[in-house]
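For reference, the structure is listed below as structure tokens.
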Amino acid sequence: MAPFDDLIRWLRVRPGLKAVDLGCGPGELTRRLAEMLPDSEVVGVDSSPEMLPKEAGFELARIEDFQGHYDLIFSHAALQWVDDHPSLFSRLWSCLKPGGQLLGQMPYNFDHASHQSAARIARNLGQSVRNFPMLPVEDYARLLFDLGAVDFQVILKVYPHVLADADAIVEWTKGTLLTAYTVTPDFLENYRAEVRKACPGSPVFYGFKRLLLTASKP
């Protein structure tokens with residue numbers, strides 16, 4: 001997975017770390033992270049009992065309720081579901097030990113037609129619209145600075161995906177963005193029509209933006 005590989009290049013590997021993967025899902029990336037950290041304790045945390053592995057090293061909990069003290073706080077494509085990022089990052093920072101590292105990746109494609117269409121259709125069908133709490137990119141750098149971070153970087157990167165057609169974009173979003181909506185047959189029919197109009201042709205280019213950040217605590 002390219003975003004994970006890009007993020008993990010910033011990882012400062014040291015033995016004996018206490019690390020947490022917030023929003024770990026099925027745990028595949030938690031296991032990969034643990035393999036990279038010798039003689040360390042790595043725990044995966046997720047709020048979905050259906051997704052969370054039934055094995056040691058994984059805990060059922062919400063990111064909103066996260067607490068404890070860690071040498072590494074890692075999160076891959078999960079923090080975008082949590083509201084109020086200034087408060088969230090302040091709380092995560094308070095859970096980071098001195099000398100610790102924060103590593104995070106968040107999808108940042110909310111201005112794309114695939115996302116804008118979903119919100120518009122939900123609104124037209126009388127559904128509540130999920131407002132994602134993402135800040136402007138530069139605000140994350142300012143936020144980390146204000147928290148006292150050192151060696152911090154914030155990068156916005158476009159990951160190019162070449163898909164068969166607009167319907168493939170719809171299938172892509174079913175497992176990510178559309179989980180925030182009630183996808184009725186009417187919703188899906190209208191959504192597919194809008195995405196086809198916005199992304200014609202075959203194959204189709206689907207540029208997906210992601211925000212990657214790293215910060216160290218003095």
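So you can find residues: chains in the structure tokens are A, B, ... in the order shown, residues in each start at 1, and ligands are numbered from 1 in order.
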Show me a table, sorted first by chain and then by increasing residue number, of the residues of stretch 145-168 of chain A having an atom at most 10 Å from stretch 187-200 of chain A, each with its shortest atom pair and the distance in Å to one decimal, counting only C-alpha atoms and written as a tab-separated table.
residue	atom	partner	partner_atom	distance
A:Asp165	CA	A:Pro200	CA	7.3
A:Ala166	CA	A:Arg196	CA	5.0
A:Asp167	CA	A:Arg192	CA	6.6
A:Ala168	CA	A:Arg192	CA	9.8
Output file for the residues above (C-alpha atoms, as a short mmCIF file (atom, residue, chain, number, x, y, z; two decimals), in the first residue's frame):
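This went into out_1.cif:
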data_model
loop_
_atom_site.label_atom_id
_atom_site.label_comp_id
_atom_site.auth_asym_id
_atom_site.auth_seq_id
_atom_site.Cartn_x
_atom_site.Cartn_y
_atom_site.Cartn_z
CA ASP A 165 -14.49 3.75 -15.78
CA ALA A 166 -16.70 5.90 -13.55
CA ASP A 167 -18.46 2.81 -12.19
CA ALA A 168 -15.12 1.64 -10.84
#
_Shell around stretch 25-36 of chain A at 12 Å using only C-alpha atoms, local window under 4 positions removed, as a VMD selection string_ = chain A and resid 1 3 to 5 7 to 9 11 to 21 40 to 62 72 to 78 103
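For stretch 117-124 of chain A, the set of protein, DNA and RNA residues having any atom at most 9 Å away, when counting only C-alpha atoms and skipping those fewer than 2 positions along the same chain, is His112, Ala113, Ser114, His115, Gly126, Gln127, Ser128, Val129, Arg130, Asn131, Leu177, Leu178, Tyr181, Thr182, Val183, Phe187, Asn190, Tyr191, Glu194 and Val195 of chain A.
Minimum atom-to-atom distance to A:Leu212, evaluated using only C-alpha atoms, belongs to A:Gly104 out of A:Gly104, A:Gly175, A:Pro160, A:Pro136.
Rounded to one decimal, atom CA of A:Leu88 and atom CA of A:Lys174 lie 26.7 Å from each other.
With distances taken over only C-alpha atoms, A:Tyr206 is the one residue among A:Tyr206, A:Ser216, A:Arg91, A:Asp39 lying closest to A:Tyr159.
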*Determine, counting only C-alpha atoms, which protein, DNA and RNA residues have an atom within 10 Å of an atom of A:Lys217; residues of the same chain fewer than 5 positions away are not included. Present the result as a list in words.*
Asp71, Trp93, Ser94, Leu96, Lys97, Pro98, Gly99, Gly100, Gln101, Leu102, Leu144, Leu147, Gly148, Ala149, Val150, Asp151 and Phe152 of chain A
Include N, CA and C atoms and write out the residues we just selected as a CSV table (one decimal), in the first residue's frame.
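In the end it all went to part-v8.csv:
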chain,number,residue,atom,x,y,z
A,71,ASP,N,5.2,6.0,23.0
A,71,ASP,CA,6.4,6.5,22.3
A,71,ASP,C,6.1,6.7,20.8
A,93,TRP,N,-1.3,14.6,21.4
A,93,TRP,CA,0.0,15.1,21.8
A,93,TRP,C,0.2,14.9,23.3
A,94,SER,N,-0.8,15.1,24.1
A,94,SER,CA,-0.7,14.9,25.5
A,94,SER,C,-0.5,13.4,25.9
A,96,LEU,N,1.5,11.5,24.1
A,96,LEU,CA,2.8,11.2,23.5
A,96,LEU,C,3.9,11.5,24.5
A,97,LYS,N,4.8,10.5,24.7
A,97,LYS,CA,5.9,10.7,25.7
A,97,LYS,C,6.9,11.6,25.1
A,98,PRO,N,7.7,12.3,26.0
A,98,PRO,CA,8.8,13.1,25.5
A,98,PRO,C,9.7,12.2,24.6
A,99,GLY,N,10.1,12.7,23.5
A,99,GLY,CA,10.9,12.0,22.6
A,99,GLY,C,10.1,11.1,21.6
A,100,GLY,N,8.8,11.1,21.8
A,100,GLY,CA,7.9,10.3,21.0
A,100,GLY,C,7.6,10.9,19.6
A,101,GLN,N,7.0,10.1,18.8
A,101,GLN,CA,6.7,10.4,17.4
A,101,GLN,C,5.2,10.2,17.1
A,102,LEU,N,4.6,11.2,16.4
A,102,LEU,CA,3.3,11.1,15.8
A,102,LEU,C,3.4,10.9,14.3
A,144,LEU,N,0.8,21.8,14.7
A,144,LEU,CA,2.0,21.0,15.3
A,144,LEU,C,3.0,22.0,15.9
A,147,LEU,N,1.9,23.2,19.2
A,147,LEU,CA,2.0,22.2,20.2
A,147,LEU,C,3.4,21.9,20.7
A,148,GLY,N,4.4,22.6,20.0
A,148,GLY,CA,5.8,22.4,20.4
A,148,GLY,C,6.5,21.3,19.7
A,149,ALA,N,6.0,20.9,18.6
A,149,ALA,CA,6.6,19.8,17.8
A,149,ALA,C,7.9,20.2,17.2
A,150,VAL,N,8.8,19.2,17.0
A,150,VAL,CA,10.0,19.4,16.3
A,150,VAL,C,10.1,18.4,15.2
A,151,ASP,N,10.9,18.7,14.2
A,151,ASP,CA,11.1,17.7,13.1
A,151,ASP,C,9.8,17.3,12.5
A,152,PHE,N,8.9,18.3,12.3
A,152,PHE,CA,7.6,18.0,11.8
A,152,PHE,C,7.5,18.3,10.3
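Within the 12 Å cut-off around A:His85, using only C-alpha atoms and omitting residues fewer than 2 positions from it on the same chain, the listed residues are Ile63, Glu64, Leu79, Gln80, Trp81, Val82, Asp83, Ser87, Leu88, Phe89, Ser90, Arg91, Leu92, Trp93, Met106, Phe132, Pro133, Met134, Leu135, Pro136, Asp139, Tyr140, Leu143 and Leu144 of chain A.
The interatomic distance for the pair atom CA of A:Asp84 and atom CA of A:Gln153 works out to 20.6 Å.
For the pair atom CA of A:Pro218 and atom CA of A:Phe145, the interatomic distance is 11.8 Å.
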*If you run DSSP over the backbone, which residues in stretch 168-213 of chain A end up helix (DSSP H, G or I)? Put them as a ChimeraX atom specification.*
/A:168-174,177-180,185-198
Pull C-alpha atoms from the residues just selected and write them as a compact mmCIF listing (two decimals), in the first residue's frame.
# COMPACT_ATOMS: atom_id res chain seq x y z
CA ALA A 168 -15.12 1.64 -10.84
CA ILE A 169 -14.86 4.90 -8.91
CA VAL A 170 -18.27 4.20 -7.42
CA GLU A 171 -17.12 0.73 -6.35
CA TRP A 172 -14.00 2.30 -4.83
CA THR A 173 -16.02 4.71 -2.71
CA LYS A 174 -18.48 2.07 -1.49
CA LEU A 177 -16.65 7.42 1.63
CA LEU A 178 -20.12 5.92 1.17
CA THR A 179 -19.97 4.17 4.54
CA ALA A 180 -20.83 7.61 5.96
CA PRO A 185 -31.05 2.18 -4.38
CA ASP A 186 -32.09 5.79 -5.17
CA PHE A 187 -28.90 7.13 -3.66
CA LEU A 188 -26.73 4.71 -5.61
CA GLU A 189 -28.53 5.31 -8.91
CA ASN A 190 -28.18 9.09 -8.63
CA TYR A 191 -24.63 8.87 -7.37
CA ARG A 192 -23.54 6.61 -10.22
CA ALA A 193 -25.13 8.97 -12.76
CA GLU A 194 -23.34 12.00 -11.32
CA VAL A 195 -19.96 10.31 -11.18
CA ARG A 196 -20.37 9.08 -14.77
CA LYS A 197 -21.09 12.65 -15.85
CA ALA A 198 -18.12 14.09 -13.93
